[in-house]
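Below: the structure, in C-alpha cells.
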Protein chains: 2
Amino acid sequence: MRFAICYASGYNIIDFNISIMKNVNAFEEKAKLIRKWCLVSTTAAGSGHPTSCLSAADLTAVLFDKYFTYDVSNPLNIYNDRFVLSKGHAAPLLYTLFGMCNAYDLNELKTLRKFNSRFEGHPVPKYKYAEAATGSLGQGLSVGSGLALAAKREKLNYTTYVLCGDGELAEGQIWEAANFASYHQLNNLIVMLDINRLAQSGETMFGHHMEQYEHRFRAFNFRVITIDGHNYEEIDQAFEQAHNKNASQQPVAIIAKTIKGKGISFIENKDGWHGKPLKEEDLKKALDELGTINDNARFDLRKPKQMVLPDSAHMDTDVHLDFDNAKTYATREVFGQALEQISKNVPAMYVLDADVKNSTFTEDVLKVNPEHFIECFIAEQNMVSVGAGLSRIGKVPVMATFGAFFTRAADQIRMARVSEANIKFVGSHVGVSIGEDGPSQMALEDISLFGTLPDTVVLQPCDAVSTTALVPRMIEHHGFVYMRTLRPKTKLLYKQDEQFTIGGSKILRQSDDDMLTVAATGITVFEALEAADMLKQENINIRVVDCYSINPVDKQTLLACLDATHTKCIITVEDHFEHGGLGDFVASAIATEGDYVEKMAVTKISQSGKQEELLRDAGIDATAIAAKVKKVVKSNKRVGAAL
Amino acid sequence: MRFAICYASGYNIIDFNISIMKNVNAFEEKAKLIRKWCLVSTTAAGSGHPTSCLSAADLTAVLFDKYFTYDVSNPLNIYNDRFVLSKGHAAPLLYTLFGMCNAYDLNELKTLRKFNSRFEGHPVPKYKYAEAATGSLGQGLSVGSGLALAAKREKLNYTTYVLCGDGELAEGQIWEAANFASYHQLNNLIVMLDINRLAQSGETMFGHHMEQYEHRFRAFNFRVITIDGHNYEEIDQAFEQAHNKNASQQPVAIIAKTIKGKGISFIENKDGWHGKPLKEEDLKKALDELGTINDNARFDLRKPKQMVLPDSAHMDTDVHLDFDNAKTYATREVFGQALEQISKNVPAMYVLDADVKNSTFTEDVLKVNPEHFIECFIAEQNMVSVGAGLSRIGKVPVMATFGAFFTRAADQIRMARVSEANIKFVGSHVGVSIGEDGPSQMALEDISLFGTLPDTVVLQPCDAVSTTALVPRMIEHHGFVYMRTLRPKTKLLYKQDEQFTIGGSKILRQSDDDMLTVAATGITVFEALEAADMLKQENINIRVVDCYSINPVDKQTLLACLDATHTKCIITVEDHFEHGGLGDFVASAIATEGDYVEKMAVTKISQSGKQEELLRDAGIDATAIAAKVKKVVKSNKRVGAAL
C-alpha cells in the first residue's frame, strides 16, 4: 500500500518517508508505554488479560496519536469521535489510552480491578470514557453502529471506531451488526479487527487465516483493508484510507493480523496465556524487553471544534387520543398512536423495529417521522445494542417487538442495563391470550426477564386509556422501562382523565364486605372482573386491583386491601409463567417484616473486587445475615420481647 | 444447468428429457396439492401464513417426491433423513407434506390452529414429524447442524435438510450455525433458502438480490447452488448436485429465488399478505386458478434400510472421586471431573463448549472423549439449538459456559424447552463471588432465566461432595436441568457417602432452640454457617439449610423448619438478584394455602387455540379465579366456617 502511494506521488518519495519515519518513532514510543501499563496494571491486580491488550497496542497507538478527535474534559461532547472497546477484557488498554490523553494520572491504573476503583475488570459506566459496558463479547459493533447511525442521521461529523477481537467474531450479533452497518451505509464507522489467533481456551475457528475474515466482511458489504497490525506504516495508511468517506458509502473493516502478547517474547503467540497476568519477576523481565520507555509520552488529541452536550431534556410527552366507550381497542395499537404523537415533540426519541412494526404498531411513527425510525430487520440482539449506543449520546431509544422475542436479546438487555442505558422496551403479543399462533410466539417469561434486572420498571396497561396515560410516563422515566402490550382488543375500563403513575394501581371493585383481593394485570384484569360478577351472584364480594405497574408494584394499596378484606389473602392472576412474575412482586411487597420469608439477595449492579468485598457490598455475607437475623428476632411479636 | 448435462450426455438427450418431463409432471401434481392444502387449512383456521408456504411448495415437492428417505411409521428411526422447518410459520406446508406421505388423513389439516389439534400455528413436539419446535426464527440451521453432526460422528448415512426463509437470515444465529456447519465439515447438511423477497412488515434487507445471499454463504464456506425455486428441473438438478457428498466436505446451500404466494395471481409477490389467510370466496378463486388437482397424489418415500430407535437408556452414571478434608475445591472443577467419568459410560452424552472449557472444566471430557465433545466457539445461541437437535435423536447434550452467558441464548433455551429437549446446562462463575472480573461476567439472573421455564430443575451444589453426587442426578433426569457451579474454591461440608436428590436439601445446623431458619444456596451456605457461629456467641441459635435443589425446593423440610423454630420466618440468602431467585421459590413453597399470596399463572407450555380456550386451559380465566376465591374463602380459618 505504501509503495503504491509513493509511486503515485512521484518525486515526494523522500519527504514522505521522512514524515513516515517521524510518525513511526512517535507511534512506537506510545505503543511501548501502552504495553508497559497494560502489564503493570494487571500484575498489580493479580488478574486480567494483558496479552489481549498487547496485540492491539500498536493499532490503538496510531489511532490515538494521529486520528482520534476527542475532548477529554467532556466525554459526552456530541462532536467527539467514539471508541468502543468491544473486546472488553482488554480494559487495561482502554484505561491506558485515556490515561495517556491526560484524562487521569496513569498511576491510578494500579487500582485496576480493586473494589471501588473506576478501572474495573471490564469497562462500566462509572469509567466515563467507556462508550458502553462491555465484557460479554460481540456487542461492540452494534453499539458503534448506533453511535454511527445517530451521527449520520443528525449530520454530526464524528467517526466511530470499534475494536473487536477475533474470538468474538463467532458471535452471531457481529453479523447482525455488519448487515445493519452496511445497509444503513455507515461509512463513518471503522471496525478494527484484532486477529491475534488465540481465544480463551485454544485457537479461534480460523486462526491466522486472514482471508476467512476478508471474505466474510466483504460479503457483508464492508470496505476491507487487511494489514499487519504491528506495522505502523500499514496501520497509518489503513486509517488514511478508511477516513476517505468519499470512497464509498460502506463501513470499513481494518483487518489486522496481530500477535497475542506481542512485544514480550515469552508470552507472544502462546496458548495458555489468556486472562493471565505476569508474575512480579516476569514483569521485570518483560519491561526490560521493552527497552527504553518514555514515561512522559502522551497523546495530544485533536479537539472537536464544537462542544455540545446531549440534550434529552426536551420532553413534551402530551398525548391526546379519544376513545369510543362502545368500542374495543388493542393496547398495542393505542401504544402506536401515542408514540406517534410523542415522536413529534421529543426530538431525542428514536424508534427501533425488528420487522414487526405492523404488529407492534411502531409503523405509526415510521409514517410521520421516518428520520427517527430505525429498521433493524429480524435481528433483536443488534437492535438492543444499537439502542445502548443511541442512549449513550442522549437519545431515547424505544424498541418494540413481540415480548417473546426480547428473550433473543436477553444478554444485550443485561449488558445495556450494566451500561445504565435509558431504553424503553415494548413487548407485544404477551401471554397465552395471543391465541392461535402457539407457544413460540407467547411472551410468558418477559416479566421475569426484565423484572429480575435491578431498577427496571415493568408496566402493563390493560385498556386504551391507561395505555395512553402510561406511554408518556414510560418515555419520561430515565432508565429501563418494559411495557407489555396486548394482541386482543379490550374494552375501556377508565375515564379519559384518569391518572396513572409508575408504581400505581387501580382498585376496580370494592365493598365494605370484601372477602379478599384479586390483583390482576393486563388481560387477566377482565377475567378478574368477570369472576367478581360471578361471585357476586353467590353473595361473595371481592376486591379487584389492576396492577398496571408490575414493578414497582403498589405496595401501599395492596397492604390496605389486605387490611380491609376478611381473609388475609391476595390472589394474583397473570398471563405469564408462575415464577418471576407479578405474583412474586406482590408476595415480596406485602411480606411482613420478620414474618414469613425475608429475601436477602443482590439488589444492584455489582462491581470488581475481592469475593469477600463483593459479598459484603451486596449485603449477603455472614455479617449481614447475622444482623438480619437479629433484626427479625427483635421485631418478632412472639419472641422479640423475650430478648 | 439442464442443458449442460444434456450436452454432456450426448445421444441420451431424448431419453433424458422424457424422464425429466415425467418427473416435472409428478412434481407439479404434488406441488398443486401442497398449495391446495396450505390454502384450505389456513382459511379453515382463519389465520396462518399461506403465502410463506406457497413460495416453498415446489422446492419441497421435489425433495419429498424424489430424495427424502424416511420411515413414516417411525419418525425417530435414526436412519431417517431429517427435515427441519426453520421458518416455522410455514407449518401448514410441513403438515401437508407428511400428510401426503400418508402419515395421516389430509382432512385432519382442517383442525389447523384449533385447540388440542396436533397441527399448531407453529410446529411443536406433539406433532411427531417436527424435528424441533420452531417459530422463533433463525434457529433451524443450528438444530439441523446438531442432527448432521451426530450423523457425521456416528457414521449414520442420513441427510439433514433445513428450510429457511429469507427474513430469518438477518438473525445472527444463522451465521453462527453457518460457521459451525462448515467448520465441522457437515457435507450431509443441505439448507434450502426460500428467498421470497417479502418479510412480515415489508421487503427484506436484500429483496431478490440473490448475490447478497450467495456471497455470504460462500464466504461462510458453503457450497452454493442458486436456482429458480419454481423451476422443477433446476430444483431437481440442485438436489442431485447437493447429494454428491464426494464433491467436497462443505455443507450445501440451495439458494432459491421464489415468489411469496406463488401460484395464486392475486396474492403473488404482494406486500401486506404475510400471515393472512384467504377468505372463503377468495379460496374458491384460488383453487380455480390452480386448475385440476389430483387429490390422491401422494409421496412414495424411500424407506431407510434399517430401523433403529434412539437409545439413551444406558445410563451408568457412577462417579467415584476422593477428596481431602483439609483441602478446598471449586465445584466447577469437580463438575468437570465427574463429567469425565460419566462420559465414559454414557454413550449418548455429548458435551458442548463455547470456548470456555478451561473455565467450566468440560476440557476434562475433551481429553478423554474427543468424539463426544463439540467445540462451538463463542456462539452460545447456536450451541443451545445444536443441543436441541442432538436431543431429538436421543443424545444427552451437556453444555457449559459462564452462567451469565446463557442469557445470550435465552430464546434458544425457551424454544428448546418448547421442543421438550433433554438438555443439561451448567453455568459457572455465578454471582458476585467471582470477584475481579466485574458485573459483565457475573450470573445474577440465571436462576430466574431457567427457573421461570416450567419443570426446569435448578441445582446448586456448594461443595465437592454434593457436586459429585448431583452431577449423576442431573444426567439421569430427563428434561431440562440447570446447574450453577462456583468459581472460588470451597471447603468440604459433607461426608463422601452423603446422598443428594433433586428436590432435597440439607439441614446443616439445628438445635431445640432455633430462632429461625436461614435457607442458603451455593456460596452463601458458607456465609450462613459463619453467621450461625457469630450468633451463637450471642446465644442466638439458628437453623441453616443448604438448598442445593433450588427448583424444586424442599418444601417439606422448609415447612418443618418453620414449625420447629420460634419465629415463623425463613431468611433466604443467595448470590443472585432478588427477583426470580431462591427467595421466590421458597416463598411460593411455604405459602400457606388461603393465607397470604396465592399465585395464579401459566404453569405449563401452552398451545394454539382461541384466547378463551387458552386462558381456561392455563387456569387463569374468570371461572378459575372464582373457583380459587371460593376455595380460599372456605379454607380460611377466620371466615371459612361462616359460609
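Scheme for the C-alpha cells: letters A, B, ... for chains in order shown; per-chain residue numbers from 1; ligand numbers from 1 in order shown.
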10 Å contact set for stretch 362-367 of chain B, only C-alpha atoms, chain neighbours under 5 positions out, as a ChimeraX atom specification
/A:201 /B:332-333,335-344,350-353,355-357,372-375,398-401,426
Residues from the last selection, C-alpha atoms, saved as a PDB file, in the first residue's frame:
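Wrote it out as result-v1.pdb, contents follow:
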```pdb
ATOM      1  CA  SER A 201      -9.353 -21.985  25.502  1.00  0.00           C
TER       2      SER A 201
ATOM      3  CA  ARG B 332     -16.757 -26.195  38.661  1.00  0.00           C
ATOM      4  CA  GLU B 333     -13.595 -28.324  38.769  1.00  0.00           C
ATOM      5  CA  PHE B 335     -18.122 -30.999  37.912  1.00  0.00           C
ATOM      6  CA  GLY B 336     -15.515 -31.460  35.165  1.00  0.00           C
ATOM      7  CA  GLN B 337     -14.029 -34.495  36.890  1.00  0.00           C
ATOM      8  CA  ALA B 338     -17.424 -36.069  37.490  1.00  0.00           C
ATOM      9  CA  LEU B 339     -18.473 -35.459  33.903  1.00  0.00           C
ATOM     10  CA  GLU B 340     -15.271 -37.017  32.627  1.00  0.00           C
ATOM     11  CA  GLN B 341     -16.082 -40.237  34.489  1.00  0.00           C
ATOM     12  CA  ILE B 342     -19.668 -40.276  33.294  1.00  0.00           C
ATOM     13  CA  SER B 343     -18.701 -39.615  29.696  1.00  0.00           C
ATOM     14  CA  LYS B 344     -17.000 -42.983  29.528  1.00  0.00           C
ATOM     15  CA  TYR B 350     -22.283 -35.121  24.154  1.00  0.00           C
ATOM     16  CA  VAL B 351     -20.506 -32.218  25.819  1.00  0.00           C
ATOM     17  CA  LEU B 352     -20.713 -28.784  24.201  1.00  0.00           C
ATOM     18  CA  ASP B 353     -18.448 -25.820  24.842  1.00  0.00           C
ATOM     19  CA  ASP B 355     -14.660 -21.569  24.179  1.00  0.00           C
ATOM     20  CA  VAL B 356     -14.573 -21.601  27.974  1.00  0.00           C
ATOM     21  CA  LYS B 357     -13.808 -25.285  28.509  1.00  0.00           C
ATOM     22  CA  HIS B 372     -18.271 -36.762  22.205  1.00  0.00           C
ATOM     23  CA  PHE B 373     -17.015 -33.231  22.703  1.00  0.00           C
ATOM     24  CA  ILE B 374     -18.299 -30.456  20.454  1.00  0.00           C
ATOM     25  CA  GLU B 375     -16.474 -27.146  20.271  1.00  0.00           C
ATOM     26  CA  VAL B 398     -24.477 -31.283  28.364  1.00  0.00           C
ATOM     27  CA  MET B 399     -23.445 -27.710  27.706  1.00  0.00           C
ATOM     28  CA  ALA B 400     -21.408 -25.431  29.887  1.00  0.00           C
ATOM     29  CA  THR B 401     -20.445 -21.789  29.771  1.00  0.00           C
ATOM     30  CA  VAL B 426     -24.081 -25.930  33.533  1.00  0.00           C
TER      31      VAL B 426
END
```
Which neighbours of B:Pro461 fall inside 7 Å, counting only C-alpha atoms, when residues of the same chain fewer than 4 positions from it are skipped, and could you give them as a PyMOL selection string?
chain B and resi 466-467+522+548
With N, CA and C atoms retained, could you export that selection as a PDB file, in the first residue's frame?
```pdb
ATOM      1  N   SER B 466     -21.195 -32.707  47.333  1.00  0.00           N
ATOM      2  CA  SER B 466     -22.550 -32.547  46.780  1.00  0.00           C
ATOM      3  C   SER B 466     -22.495 -32.426  45.260  1.00  0.00           C
ATOM      4  N   THR B 467     -21.429 -31.838  44.726  1.00  0.00           N
ATOM      5  CA  THR B 467     -21.293 -31.758  43.270  1.00  0.00           C
ATOM      6  C   THR B 467     -21.151 -33.159  42.677  1.00  0.00           C
ATOM      7  N   GLY B 522     -25.384 -22.447  47.432  1.00  0.00           N
ATOM      8  CA  GLY B 522     -24.085 -22.109  46.844  1.00  0.00           C
ATOM      9  C   GLY B 522     -23.189 -21.416  47.846  1.00  0.00           C
ATOM     10  N   TYR B 548     -29.572 -26.951  48.036  1.00  0.00           N
ATOM     11  CA  TYR B 548     -28.824 -27.271  46.809  1.00  0.00           C
ATOM     12  C   TYR B 548     -29.777 -27.531  45.647  1.00  0.00           C
TER      13      TYR B 548
END
```
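With only C-alpha atoms taken into account, the protein and nucleic acid residues at most 7 Å from stretch 65-73 of chain B (excluding it and anything under 5 positions from it in its own chain) are Phe27, Asn80, Asp81, Ala103, Phe299, Asp300, Leu301, Arg302, Lys303 and Pro304 of chain B.
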Counting only C-alpha atoms, what is within 9 Å of B:Glu380, bar same-chain residues fewer than 5 positions away, as a ChimeraX atom specification?
/A:171 /B:173,176,353-354,385,401,405-409
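Restricting the calculation to only C-alpha atoms, the smallest distance between chain A and any of B:Ala90, B:Ala253, B:Leu535, B:Leu85 is found for B:Leu535.
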DSSP-assigned strand (DSSP E or B) members of stretch 473-520 of chain B, reported as number ranges by chain
B: 481-484, 489-491, 506-509, 514-520
Determine the nearest neighbour of B:Glu120 from the options B:Val597, B:Leu94, B:Leu137, B:Ile590, counting only C-alpha atoms.
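Selected residue with least distance to B:Glu120: B:Leu94.
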Using only C-alpha atoms for the distances, tell me which of A:Met315, A:Ala181, A:Leu106, A:Ala421 is nearest to A:Cys376.
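Looking at the shortest contact to A:Cys376, the residue is A:Ala181.
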Would you please work out which residue, of A:Pro277, A:Asp512, A:His576, A:Lys536, is nearest to A:Gly403 when using only C-alpha atoms?
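Among the listed residues, the smallest separation from A:Gly403 belongs to A:His576.
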Provide the atom CA of B:Thr160 to atom CA of B:Asp194 distance in Å, to one decimal place.
16.4 Å
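Comparing the minimum interatomic distances between A:Pro552 and each of B:Lys568, B:His579, B:His477, B:Lys279, counting only C-alpha atoms, we find that B:His579 sits nearest.
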I need the residues in stretch 337-579 of chain A that are alpha helix (DSSP H) according to DSSP; give them as a count of residues only.
84
Have a look at A:Val319, A:Leu287, A:Leu63, A:Ile413 and name the one nearest to A:His243; count only C-alpha atoms.
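When distances to A:His243 are compared using only C-alpha atoms, the smallest one comes from A:Leu63.
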What does the structure give for the distance between atom CA of B:Met192 and atom CA of B:Tyr161, in Å to one decimal?
7.3 Å
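With only C-alpha atoms taken into account, the protein and nucleic acid residues at most 9 Å from A:Asp575 (excluding it and anything under 2 positions from it in its own chain) are Val430, Gly431, Val432, Ser433, Ala443, Leu444, Thr521, Gly522, Ile523, Thr524, Val573, Phe577 and Glu578 of chain A; Met600, Ala601, Val602, Leu615, Ala618 and Ile620 of chain B.
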Can you write just those residues out, N, CA, C and O atoms, as a PDB file, in the first residue's frame?
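part-v9.pdb, freshly written:
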```
ATOM      1  N   VAL A 430     -48.293 -10.633  24.347  1.00  0.00           N
ATOM      2  CA  VAL A 430     -47.879 -11.284  25.591  1.00  0.00           C
ATOM      3  C   VAL A 430     -48.908 -12.325  26.030  1.00  0.00           C
ATOM      4  O   VAL A 430     -50.106 -12.157  25.850  1.00  0.00           O
ATOM      5  N   GLY A 431     -48.372 -13.418  26.564  1.00  0.00           N
ATOM      6  CA  GLY A 431     -49.223 -14.403  27.203  1.00  0.00           C
ATOM      7  C   GLY A 431     -49.952 -15.333  26.240  1.00  0.00           C
ATOM      8  O   GLY A 431     -49.848 -15.212  25.014  1.00  0.00           O
ATOM      9  N   VAL A 432     -50.698 -16.247  26.835  1.00  0.00           N
ATOM     10  CA  VAL A 432     -51.462 -17.208  26.036  1.00  0.00           C
ATOM     11  C   VAL A 432     -52.611 -16.525  25.313  1.00  0.00           C
ATOM     12  O   VAL A 432     -53.180 -17.086  24.378  1.00  0.00           O
ATOM     13  N   SER A 433     -52.931 -15.305  25.710  1.00  0.00           N
ATOM     14  CA  SER A 433     -54.078 -14.618  25.118  1.00  0.00           C
ATOM     15  C   SER A 433     -53.870 -14.299  23.640  1.00  0.00           C
ATOM     16  O   SER A 433     -54.789 -13.854  22.967  1.00  0.00           O
ATOM     17  N   ALA A 443     -45.248 -14.425  24.912  1.00  0.00           N
ATOM     18  CA  ALA A 443     -44.328 -13.959  25.954  1.00  0.00           C
ATOM     19  C   ALA A 443     -44.877 -14.414  27.293  1.00  0.00           C
ATOM     20  O   ALA A 443     -45.921 -13.928  27.742  1.00  0.00           O
ATOM     21  N   LEU A 444     -44.184 -15.336  27.935  1.00  0.00           N
ATOM     22  CA  LEU A 444     -44.628 -15.850  29.225  1.00  0.00           C
ATOM     23  C   LEU A 444     -43.502 -15.799  30.253  1.00  0.00           C
ATOM     24  O   LEU A 444     -43.646 -16.267  31.374  1.00  0.00           O
ATOM     25  N   THR A 521     -53.349  -8.211  36.143  1.00  0.00           N
ATOM     26  CA  THR A 521     -52.619  -7.277  35.268  1.00  0.00           C
ATOM     27  C   THR A 521     -52.860  -7.682  33.826  1.00  0.00           C
ATOM     28  O   THR A 521     -52.901  -8.868  33.493  1.00  0.00           O
ATOM     29  N   GLY A 522     -53.077  -6.680  32.973  1.00  0.00           N
ATOM     30  CA  GLY A 522     -53.300  -6.960  31.553  1.00  0.00           C
ATOM     31  C   GLY A 522     -54.611  -7.672  31.322  1.00  0.00           C
ATOM     32  O   GLY A 522     -55.639  -7.340  31.921  1.00  0.00           O
ATOM     33  N   ILE A 523     -54.560  -8.700  30.506  1.00  0.00           N
ATOM     34  CA  ILE A 523     -55.793  -9.378  30.082  1.00  0.00           C
ATOM     35  C   ILE A 523     -56.542  -9.985  31.266  1.00  0.00           C
ATOM     36  O   ILE A 523     -57.775 -10.081  31.257  1.00  0.00           O
ATOM     37  N   THR A 524     -55.831 -10.367  32.327  1.00  0.00           N
ATOM     38  CA  THR A 524     -56.500 -11.039  33.441  1.00  0.00           C
ATOM     39  C   THR A 524     -57.317 -10.064  34.298  1.00  0.00           C
ATOM     40  O   THR A 524     -58.125 -10.503  35.113  1.00  0.00           O
ATOM     41  N   VAL A 573     -53.266 -12.927  39.585  1.00  0.00           N
ATOM     42  CA  VAL A 573     -53.594 -13.661  38.350  1.00  0.00           C
ATOM     43  C   VAL A 573     -52.896 -12.985  37.197  1.00  0.00           C
ATOM     44  O   VAL A 573     -53.077 -11.782  36.963  1.00  0.00           O
ATOM     45  N   PHE A 577     -45.729 -17.019  33.092  1.00  0.00           N
ATOM     46  CA  PHE A 577     -45.370 -18.187  33.894  1.00  0.00           C
ATOM     47  C   PHE A 577     -45.405 -17.834  35.376  1.00  0.00           C
ATOM     48  O   PHE A 577     -45.302 -16.659  35.762  1.00  0.00           O
ATOM     49  N   GLU A 578     -45.495 -18.864  36.195  1.00  0.00           N
ATOM     50  CA  GLU A 578     -45.737 -18.665  37.624  1.00  0.00           C
ATOM     51  C   GLU A 578     -44.553 -18.012  38.346  1.00  0.00           C
ATOM     52  O   GLU A 578     -44.734 -17.179  39.230  1.00  0.00           O
TER      53      GLU A 578
ATOM     54  N   MET B 600     -51.829 -17.305  40.742  1.00  0.00           N
ATOM     55  CA  MET B 600     -52.446 -17.990  39.600  1.00  0.00           C
ATOM     56  C   MET B 600     -51.689 -17.521  38.359  1.00  0.00           C
ATOM     57  O   MET B 600     -51.601 -16.319  38.089  1.00  0.00           O
ATOM     58  N   ALA B 601     -51.162 -18.466  37.622  1.00  0.00           N
ATOM     59  CA  ALA B 601     -50.340 -18.110  36.464  1.00  0.00           C
ATOM     60  C   ALA B 601     -50.251 -19.318  35.551  1.00  0.00           C
ATOM     61  O   ALA B 601     -50.825 -20.370  35.842  1.00  0.00           O
ATOM     62  N   VAL B 602     -49.536 -19.172  34.465  1.00  0.00           N
ATOM     63  CA  VAL B 602     -49.379 -20.258  33.500  1.00  0.00           C
ATOM     64  C   VAL B 602     -48.300 -21.200  34.016  1.00  0.00           C
ATOM     65  O   VAL B 602     -47.196 -20.757  34.344  1.00  0.00           O
ATOM     66  N   LEU B 615     -56.885 -19.284  27.977  1.00  0.00           N
ATOM     67  CA  LEU B 615     -56.962 -18.747  29.343  1.00  0.00           C
ATOM     68  C   LEU B 615     -57.564 -19.805  30.266  1.00  0.00           C
ATOM     69  O   LEU B 615     -57.111 -20.002  31.395  1.00  0.00           O
ATOM     70  N   ALA B 618     -55.045 -22.601  30.786  1.00  0.00           N
ATOM     71  CA  ALA B 618     -53.959 -22.184  31.687  1.00  0.00           C
ATOM     72  C   ALA B 618     -54.460 -22.004  33.117  1.00  0.00           C
ATOM     73  O   ALA B 618     -53.671 -21.831  34.044  1.00  0.00           O
ATOM     74  N   ILE B 620     -56.376 -19.471  34.211  1.00  0.00           N
ATOM     75  CA  ILE B 620     -56.338 -18.061  34.645  1.00  0.00           C
ATOM     76  C   ILE B 620     -57.544 -17.292  34.126  1.00  0.00           C
ATOM     77  O   ILE B 620     -57.501 -16.069  34.013  1.00  0.00           O
TER      78      ILE B 620
END
```
